[in-house]
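Structure first, commentary second.
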Amino acid sequence: MSKKQFLGGKNSNAYIVFYSTVMVVIVAVMLAFTSLSLKEKQNANILDEKKNAIVASLGLEKGSYDANIEAYVVNNEGVKIETTNTPLDMLFDLPASYAAGEYPVFEDKNTGALVFPVTGKGLWDDIWGYIALENDLNTIKGVVFDHAGETPGLGAEIATPKYQAQFPGQTIYEGDQFVGIYVVKGGAQGAAHSVDAVTGGTKTSEGLQNMIIDCLGCYDNYIKSVKAAKEEVVLTENAE
Amino acid sequence: MKNKTFQSLTNPLAKNNPVLVQILGICSALAVTTQLKPALVMGLSVMAVCAFSNLVLSLLRNGIPERIRIIVQLVVIAALVTIVNDILKAYVYDVSKQLSVYVGLIITNCIIMGRVEAFALSNKPLPSLLDGIGNGIGYGGVLVIIAFFRELLGSGTLFGYQIIPECFYEAGYVNNGLMLFPPSALIIVGIIIWVHRNANKDLQEK
């Protein structure tokens, strides 16, 4: 009975305001607590997924990241630099790293193949991916793309193995000139540096093309410097 | 009294099944049943949310102001779903990726709001908890049955393990692609409802 009198009864405005306030505060505390206590585990899962995507782009087995990959960061000029964030940390906010001019590179220790993380905008939300290059630093070895919220069945098709299967074997350089990959509406039909766009996913396809060209373009200087270093090795070997 | 309490658990399993009799929660039954594992996780998630929302709201039922009743229900359900979503992301990450938006959409699952309105707000906590668990199992059970057929016939696997032997495929057997699309779920739900009504004559409309 005492509850009935509290703040003028169950259906008074004062009681309703009081009730809602208390409820919202309790729920907020609960949600904040679960979110914070599970954050670490969730991030570990996301990191695992990213590691697996990197090795998948190289065609390696799941879970073989730690054994095979060496990661470092390069800048616009293509010079390796020291950063406070590790390359893996950067993957959690890749656009920020790009904006800061810090570009993470993942190298297969056994073959020397390089993987470049890329990031861009789809139709609804972020898209991102990993592009692995063969040792000639021109031919694509494999790609993995993922997205946050593209339309299932349309734009979201970029994340399917079937779509990604068109990338291996494509080249991103024409002579010494960086061109990237064009995502062509109506079918690439075997044209150089081109893949098919996603049916019904025009905006996502445009985003994909921009992502590939913009992001790989940032690595242009680094790729060229690695190429030059390789040629030098070949030259000295020949001279000997 | 004991018997009645127990009935609130068993009733939704068959006689008053939320999917088969009340035709609720069909949307997610179509969406998450191409494979058994996500269907099972979805069923468990709905059961957890349904059970706890029933329990919490039954405990609160005497203090909830009539005018903001629905809002209070929604806040409790939404908070529980958010917690479930966080737990899935932390412990079964791959499944939570497959379920994607459908975990969040548990909030709008009519079964949960329906049970809170129809049962928890006018019953004691224990029967409410059992009613929530019962409805969750009733829902999850149907999902698992649908997913069983869809995964077996559509991919030839169960829980990801190959069931249909390789020699079948060599002899010309082909997986049924339709099973991977939503219409097949509707067809299977229809067949289950048919079988269910045949077994329970009192459910048949005159």
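If you're wondering about the labels, chains in the structure tokens are A, B, ... by order shown, residues count from 1 in each chain, ligands from 1 in order shown.
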Give the residues of chain B that lie within 7 Å of chain A; count only C-alpha atoms, and format the answer as a PDB file with all heavy atoms, in the first residue's frame.
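Ended up saving to part_5.pdb:
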```pdb
ATOM      1  N   GLY B  63       4.838  -2.705 -10.424  1.00  0.00           N
ATOM      2  CA  GLY B  63       5.330  -1.334 -10.314  1.00  0.00           C
ATOM      3  C   GLY B  63       5.288  -0.567 -11.623  1.00  0.00           C
ATOM      4  O   GLY B  63       5.490   0.637 -11.644  1.00  0.00           O
ATOM      5  N   PRO B  65       4.126   1.603 -14.521  1.00  0.00           N
ATOM      6  CA  PRO B  65       3.001   2.495 -14.782  1.00  0.00           C
ATOM      7  C   PRO B  65       2.293   2.057 -16.067  1.00  0.00           C
ATOM      8  O   PRO B  65       2.949   1.784 -17.074  1.00  0.00           O
ATOM      9  CB  PRO B  65       3.661   3.864 -14.973  1.00  0.00           C
ATOM     10  CG  PRO B  65       5.049   3.717 -14.440  1.00  0.00           C
ATOM     11  CD  PRO B  65       5.420   2.297 -14.583  1.00  0.00           C
ATOM     12  N   GLU B  66       0.986   2.002 -15.999  1.00  0.00           N
ATOM     13  CA  GLU B  66       0.182   1.497 -17.123  1.00  0.00           C
ATOM     14  C   GLU B  66       0.510   2.222 -18.427  1.00  0.00           C
ATOM     15  O   GLU B  66       0.609   1.612 -19.480  1.00  0.00           O
ATOM     16  CB  GLU B  66      -1.300   1.672 -16.754  1.00  0.00           C
ATOM     17  CG  GLU B  66      -2.268   0.887 -17.622  1.00  0.00           C
ATOM     18  CD  GLU B  66      -2.082  -0.622 -17.502  1.00  0.00           C
ATOM     19  OE1 GLU B  66      -1.483  -1.090 -16.501  1.00  0.00           O
ATOM     20  OE2 GLU B  66      -2.513  -1.321 -18.416  1.00  0.00           O
ATOM     21  N   ALA B  79      17.457  -4.202 -24.102  1.00  0.00           N
ATOM     22  CA  ALA B  79      18.685  -4.346 -23.315  1.00  0.00           C
ATOM     23  C   ALA B  79      19.148  -5.799 -23.334  1.00  0.00           C
ATOM     24  O   ALA B  79      20.336  -6.083 -23.539  1.00  0.00           O
ATOM     25  CB  ALA B  79      18.441  -3.896 -21.877  1.00  0.00           C
ATOM     26  N   ILE B  83      22.664  -7.365 -24.912  1.00  0.00           N
ATOM     27  CA  ILE B  83      23.598  -8.188 -24.138  1.00  0.00           C
ATOM     28  C   ILE B  83      23.860  -9.518 -24.863  1.00  0.00           C
ATOM     29  O   ILE B  83      25.007  -9.950 -25.018  1.00  0.00           O
ATOM     30  CB  ILE B  83      23.034  -8.439 -22.725  1.00  0.00           C
ATOM     31  CG1 ILE B  83      23.028  -7.131 -21.935  1.00  0.00           C
ATOM     32  CG2 ILE B  83      23.852  -9.504 -21.996  1.00  0.00           C
ATOM     33  CD1 ILE B  83      22.339  -7.214 -20.597  1.00  0.00           C
ATOM     34  N   ASP B  86      26.184  -8.977 -27.735  1.00  0.00           N
ATOM     35  CA  ASP B  86      27.568  -8.811 -27.286  1.00  0.00           C
ATOM     36  C   ASP B  86      28.190 -10.150 -26.932  1.00  0.00           C
ATOM     37  O   ASP B  86      29.352 -10.417 -27.253  1.00  0.00           O
ATOM     38  CB  ASP B  86      27.622  -7.884 -26.060  1.00  0.00           C
ATOM     39  CG  ASP B  86      27.807  -6.430 -26.475  1.00  0.00           C
ATOM     40  OD1 ASP B  86      28.215  -6.211 -27.629  1.00  0.00           O
ATOM     41  OD2 ASP B  86      27.550  -5.535 -25.657  1.00  0.00           O
ATOM     42  N   LYS B  89      28.991 -12.102 -30.057  1.00  0.00           N
ATOM     43  CA  LYS B  89      30.172 -11.552 -30.727  1.00  0.00           C
ATOM     44  C   LYS B  89      31.449 -11.977 -30.022  1.00  0.00           C
ATOM     45  O   LYS B  89      32.498 -12.116 -30.651  1.00  0.00           O
ATOM     46  CB  LYS B  89      30.095 -10.025 -30.751  1.00  0.00           C
ATOM     47  CG  LYS B  89      29.417  -9.489 -31.992  1.00  0.00           C
ATOM     48  CD  LYS B  89      29.587  -7.984 -32.033  1.00  0.00           C
ATOM     49  CE  LYS B  89      28.616  -7.349 -32.996  1.00  0.00           C
ATOM     50  NZ  LYS B  89      28.307  -5.969 -32.600  1.00  0.00           N
ATOM     51  N   ALA B  90      31.371 -12.162 -28.710  1.00  0.00           N
ATOM     52  CA  ALA B  90      32.570 -12.501 -27.959  1.00  0.00           C
ATOM     53  C   ALA B  90      32.866 -14.002 -28.013  1.00  0.00           C
ATOM     54  O   ALA B  90      34.019 -14.402 -28.018  1.00  0.00           O
ATOM     55  CB  ALA B  90      32.436 -12.052 -26.505  1.00  0.00           C
ATOM     56  N   TYR B  93      31.858 -15.878 -32.643  1.00  0.00           N
ATOM     57  CA  TYR B  93      31.960 -14.767 -33.577  1.00  0.00           C
ATOM     58  C   TYR B  93      31.483 -15.125 -34.987  1.00  0.00           C
ATOM     59  O   TYR B  93      30.759 -14.366 -35.614  1.00  0.00           O
ATOM     60  CB  TYR B  93      33.408 -14.291 -33.634  1.00  0.00           C
ATOM     61  CG  TYR B  93      33.609 -13.056 -34.463  1.00  0.00           C
ATOM     62  CD1 TYR B  93      33.145 -11.827 -34.021  1.00  0.00           C
ATOM     63  CD2 TYR B  93      34.233 -13.115 -35.696  1.00  0.00           C
ATOM     64  CE1 TYR B  93      33.308 -10.688 -34.776  1.00  0.00           C
ATOM     65  CE2 TYR B  93      34.403 -11.983 -36.468  1.00  0.00           C
ATOM     66  CZ  TYR B  93      33.941 -10.773 -36.007  1.00  0.00           C
ATOM     67  OH  TYR B  93      34.098  -9.654 -36.761  1.00  0.00           O
TER      68      TYR B  93
END
```
**OP:** Determine which residues of region 60-191 of chain A receive a DSSP assignment of strand (DSSP E or B), computed from the backbone, and state them as a PyMOL selection string.
**Re:** chain A and resi 69-74+80-81+103-108+114-121+126-133+139-147+171+173-174+177-178+182-184
**OP:** Extract, using only C-alpha atoms, all DNA, RNA and protein residues at most 8 Å from Asn85 (chain B), discarding same-chain residues fewer than 5 positions from it, and format them as a PyMOL selection string.
**Re:** chain B and resi 96+103-104
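We find CA of Val115 (chain A) and CA of Ile131 (chain A) to be spaced 5.4 Å apart.
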**OP:** Would you mind listing what lies within 12 Å of Arg150 (chain B) as a PyMOL selection string, with only C-alpha atoms counted and same-chain residues fewer than 5 positions away left out?
**Re:** chain B and resi 29-37+39+143-145+155-159+175-189
